[in-house]
Amino acid sequence: MALRNTATWLFALTICSPAAADQVGNVDVDWLGNDIVIEAFADPKVEGVTCHVAYFERGLIDRLQKGNWFEDPSNSSIACRQTGVVSIGDIDRSDEGESVFSEGRSIIWKSLKVKRIFDEANQTLIYISHARDVQDGSAKMSISTVPLFNP
C-alpha cells in the first residue's frame, strides 16, 4: 500500500510540474562523464519570455567513484529574455512569487526550482533559480530579470 501511495504521489508531482524544458545544450566538463546541461523553457503564464537554465549533471564514473549515486549538486544558473511580444497572464503578484519550472535533482527530495516574482513598481519580471531540499536548504542561487518596456 505504501508503494502505491508513493507512486501516486510521484505521478502527481510529475503531471503538476509548471513547465516542461527542452535540452538545448550539453557541455562535457571532464573525462568522468560530468556535463553542464542547458535547458530552455517558456514561462507558462507570460507569453514572450524564455528562460535558459544550466546545471551540473554527474556522470556514471563520478557516481561510482564518489558513492553518492542518486544526487546531483545544487548549482544552477539562469538567464531569461524577451523572445516575443510579452503578454502577462494571471500571475501571482505576491512577494513569494510563483513556481514556473521544477526538475528533480535526486530520487525524491532535492529539486531545481525556478520562481517568477513580479516587481510591479519597476515593471520587471524576476526569475530566480535555486535548489529546494526537504531538510537542508542551499544558498546557491542565480537570478535573471526581464524588464517590461512599452514602446
# chains A, B, ... in the order shown; residues from 1 in each chain; ligands from 1
$ residues_around --residues "segment 72-84 of chain A" --least-positions-apart "6" --cutoff "9 Å" --atoms "only C-alpha atoms" --output "short mmCIF file (atom, residue, chain, number, x, y, z; two decimals) with C-alpha atoms, in the first residue's frame"
data_model
loop_
_atom_site.label_atom_id
_atom_site.label_comp_id
_atom_site.auth_asym_id
_atom_site.auth_seq_id
_atom_site.Cartn_x
_atom_site.Cartn_y
_atom_site.Cartn_z
CA GLU A 47 3.95 34.83 -23.31
CA GLY A 48 7.11 36.10 -24.99
CA VAL A 49 9.61 35.15 -22.22
CA THR A 50 12.03 32.23 -22.48
CA CYS A 51 14.43 31.12 -19.75
CA HIS A 52 17.59 29.07 -20.11
CA VAL A 53 18.77 27.09 -17.08
CA ALA A 54 22.22 25.50 -16.84
CA TYR A 55 23.05 22.88 -14.23
CA PHE A 56 25.72 20.30 -13.45
CA GLU A 57 24.90 16.66 -14.11
CA ARG A 58 27.17 13.94 -12.71
CA ARG A 105 17.93 16.58 -8.79
CA SER A 106 17.75 13.42 -6.67
CA LYS A 110 16.06 17.58 -3.92
CA SER A 111 14.82 19.65 -6.87
CA LEU A 112 15.87 22.57 -9.01
CA VAL A 114 12.63 28.47 -10.87
CA ILE A 126 12.43 38.48 -11.79
CA TYR A 127 13.34 34.82 -12.23
CA ILE A 128 15.34 33.04 -9.54
CA SER A 129 16.72 29.51 -9.77
CA HIS A 130 17.55 27.66 -6.56
CA ALA A 131 17.72 24.19 -5.07
CA ARG A 132 14.87 23.02 -2.87
CA SER A 138 21.01 25.80 -0.09
CA LYS A 140 23.26 28.62 -4.12
CA MET A 141 21.05 30.59 -6.48
CA SER A 142 21.01 32.57 -9.69
CA ILE A 143 18.80 35.48 -10.77
CA SER A 144 17.70 36.99 -14.07
CA THR A 145 15.36 39.86 -14.88
CA VAL A 146 13.16 40.80 -17.84
CA PRO A 147 12.23 44.49 -18.00
CA LEU A 148 8.75 45.22 -19.36
#
$ select_by_dssp --residues "segment 24-122 of chain A" --states "helix (DSSP H, G or I)" --output "short mmCIF file (atom, residue, chain, number, x, y, z; two decimals) with N, CA and C atoms, in the first residue's frame"
data_model
loop_
_atom_site.label_atom_id
_atom_site.label_comp_id
_atom_site.auth_asym_id
_atom_site.auth_seq_id
_atom_site.Cartn_x
_atom_site.Cartn_y
_atom_site.Cartn_z
N LEU A 60 28.34 8.72 -14.89
CA LEU A 60 28.35 7.39 -14.28
C LEU A 60 29.64 7.11 -13.51
N ILE A 61 30.79 7.43 -14.11
CA ILE A 61 32.08 7.16 -13.44
C ILE A 61 32.19 7.97 -12.14
N ASP A 62 31.79 9.23 -12.18
CA ASP A 62 31.82 10.08 -10.98
C ASP A 62 30.91 9.51 -9.90
N ARG A 63 29.74 9.04 -10.27
CA ARG A 63 28.80 8.46 -9.30
C ARG A 63 29.40 7.20 -8.66
N LEU A 64 30.05 6.37 -9.47
CA LEU A 64 30.67 5.15 -8.94
C LEU A 64 31.84 5.48 -8.02
N GLN A 65 32.65 6.47 -8.38
CA GLN A 65 33.80 6.84 -7.56
C GLN A 65 33.40 7.45 -6.23
N LYS A 66 32.41 8.34 -6.22
CA LYS A 66 32.06 9.09 -5.01
C LYS A 66 30.97 8.44 -4.17
#
$ closest_residue --among "A:Ile38, A:Val86, A:Ile91, A:Val46" --to "Asn26 of chain A" --atoms "only C-alpha atoms"
A:Ile38
$ residues_around --residues "segment 100-103 of chain A" --least-positions-apart "4" --cutoff "7 Å" --atoms "only C-alpha atoms" --output "PyMOL selection string"
chain A and resi 17-19+43-44+111-116
$ write_last_selection --atoms "all heavy atoms" --output "tab-separated table (two decimals), in the first residue's frame"
chain	number	residue	atom	x	y	z
A	17	SER	N	3.97	19.57	-12.72
A	17	SER	CA	5.12	20.44	-12.94
A	17	SER	C	4.70	21.64	-13.76
A	17	SER	O	3.98	21.51	-14.74
A	17	SER	CB	6.23	19.68	-13.67
A	17	SER	OG	6.72	18.66	-12.84
A	18	PRO	N	5.13	22.84	-13.38
A	18	PRO	CA	4.70	24.06	-14.03
A	18	PRO	C	5.05	24.17	-15.51
A	18	PRO	O	4.24	24.58	-16.30
A	18	PRO	CB	5.39	25.17	-13.23
A	18	PRO	CG	5.69	24.54	-11.92
A	18	PRO	CD	5.91	23.10	-12.20
A	19	ALA	N	6.25	23.86	-15.92
A	19	ALA	CA	6.65	24.00	-17.31
A	19	ALA	C	7.60	22.87	-17.68
A	19	ALA	O	8.33	22.36	-16.86
A	19	ALA	CB	7.33	25.35	-17.53
A	43	ASP	N	7.97	30.60	-20.17
A	43	ASP	CA	7.15	30.86	-18.98
A	43	ASP	C	5.71	30.52	-19.35
A	43	ASP	O	5.17	31.05	-20.32
A	43	ASP	CB	7.28	32.33	-18.58
A	43	ASP	CG	6.59	32.63	-17.26
A	43	ASP	OD1	5.50	32.06	-16.99
A	43	ASP	OD2	7.11	33.45	-16.50
A	44	PRO	N	5.06	29.63	-18.61
A	44	PRO	CA	3.71	29.20	-18.98
A	44	PRO	C	2.63	30.28	-18.86
A	44	PRO	O	1.59	30.17	-19.48
A	44	PRO	CB	3.42	28.02	-18.04
A	44	PRO	CG	4.34	28.22	-16.89
A	44	PRO	CD	5.55	28.94	-17.42
A	111	SER	N	15.26	19.22	-5.54
A	111	SER	CA	14.82	19.65	-6.87
A	111	SER	C	15.38	21.02	-7.20
A	111	SER	O	15.72	21.81	-6.33
A	111	SER	CB	13.28	19.68	-6.94
A	111	SER	OG	12.77	20.57	-5.99
A	112	LEU	N	15.49	21.27	-8.50
A	112	LEU	CA	15.87	22.57	-9.01
A	112	LEU	C	14.57	23.31	-9.29
A	112	LEU	O	13.68	22.79	-9.96
A	112	LEU	CB	16.67	22.42	-10.31
A	112	LEU	CG	16.92	23.68	-11.13
A	112	LEU	CD1	17.84	24.63	-10.36
A	112	LEU	CD2	17.54	23.32	-12.47
A	113	LYS	N	14.44	24.50	-8.74
A	113	LYS	CA	13.21	25.29	-8.89
A	113	LYS	C	13.52	26.61	-9.56
A	113	LYS	O	14.59	27.19	-9.35
A	113	LYS	CB	12.59	25.60	-7.53
A	113	LYS	CG	12.20	24.41	-6.71
A	113	LYS	CD	10.88	23.90	-7.13
A	113	LYS	CE	10.39	22.84	-6.16
A	113	LYS	NZ	9.17	22.24	-6.59
A	114	VAL	N	12.57	27.11	-10.34
A	114	VAL	CA	12.63	28.47	-10.87
A	114	VAL	C	11.32	29.14	-10.48
A	114	VAL	O	10.23	28.61	-10.74
A	114	VAL	CB	12.80	28.50	-12.40
A	114	VAL	CG1	12.72	29.93	-12.91
A	114	VAL	CG2	14.12	27.85	-12.81
A	115	LYS	N	11.45	30.28	-9.82
A	115	LYS	CA	10.27	31.06	-9.44
A	115	LYS	C	10.27	32.40	-10.16
A	115	LYS	O	11.32	32.94	-10.45
A	115	LYS	CB	10.26	31.30	-7.93
A	115	LYS	CG	10.05	30.02	-7.13
A	115	LYS	CD	9.79	30.30	-5.70
A	115	LYS	CE	8.30	30.38	-5.52
A	115	LYS	NZ	7.89	30.47	-4.14
A	116	ARG	N	9.08	32.89	-10.43
A	116	ARG	CA	8.92	34.21	-11.03
A	116	ARG	C	8.32	35.15	-9.99
A	116	ARG	O	7.37	34.81	-9.31
A	116	ARG	CB	7.97	34.16	-12.23
A	116	ARG	CG	7.69	35.53	-12.81
A	116	ARG	CD	6.45	35.64	-13.68
A	116	ARG	NE	5.91	34.45	-14.26
A	116	ARG	CZ	4.90	33.75	-13.73
A	116	ARG	NH1	4.35	34.10	-12.59
A	116	ARG	NH2	4.43	32.69	-14.35
$ closest_residue --among "A:Val24, A:Trp109, A:Ser87, A:Asp92" --to "Phe149 of chain A" --atoms "only C-alpha atoms"
A:Ser87
$ closest_residue --among "A:Ile117, A:Ala40, A:Leu32, A:Ile88" --to "Ala20 of chain A" --atoms "only C-alpha atoms"
A:Ala40
$ residues_around --residues "Ala21 of chain A" --least-positions-apart "6" --cutoff "8 Å" --atoms "only C-alpha atoms" --output "PyMOL selection string"
chain A and resi 39-42
$ write_last_selection --atoms "N, CA and C atoms" --output "PDB file, in the first residue's frame"
ATOM      1  N   GLU A  39      18.969  23.840 -20.535  1.00  0.00           N
ATOM      2  CA  GLU A  39      17.585  23.608 -20.946  1.00  0.00           C
ATOM      3  C   GLU A  39      16.873  24.945 -21.148  1.00  0.00           C
ATOM      4  N   ALA A  40      15.932  24.958 -22.068  1.00  0.00           N
ATOM      5  CA  ALA A  40      15.123  26.148 -22.342  1.00  0.00           C
ATOM      6  C   ALA A  40      13.671  25.833 -22.024  1.00  0.00           C
ATOM      7  N   PHE A  41      12.985  26.810 -21.422  1.00  0.00           N
ATOM      8  CA  PHE A  41      11.549  26.659 -21.209  1.00  0.00           C
ATOM      9  C   PHE A  41      10.878  28.016 -21.331  1.00  0.00           C
ATOM     10  N   ALA A  42       9.670  27.994 -21.840  1.00  0.00           N
ATOM     11  CA  ALA A  42       8.868  29.210 -21.943  1.00  0.00           C
ATOM     12  C   ALA A  42       8.074  29.367 -20.658  1.00  0.00           C
TER      13      ALA A  42
END
$ atom_distance --atom1 "atom CA of Lys45 of chain A" --atom2 "atom CA of Ser99 of chain A"
10.6 Å
$ atom_distance --atom1 "atom CA of Gln23 of chain A" --atom2 "atom CA of Glu96 of chain A"
27.7 Å
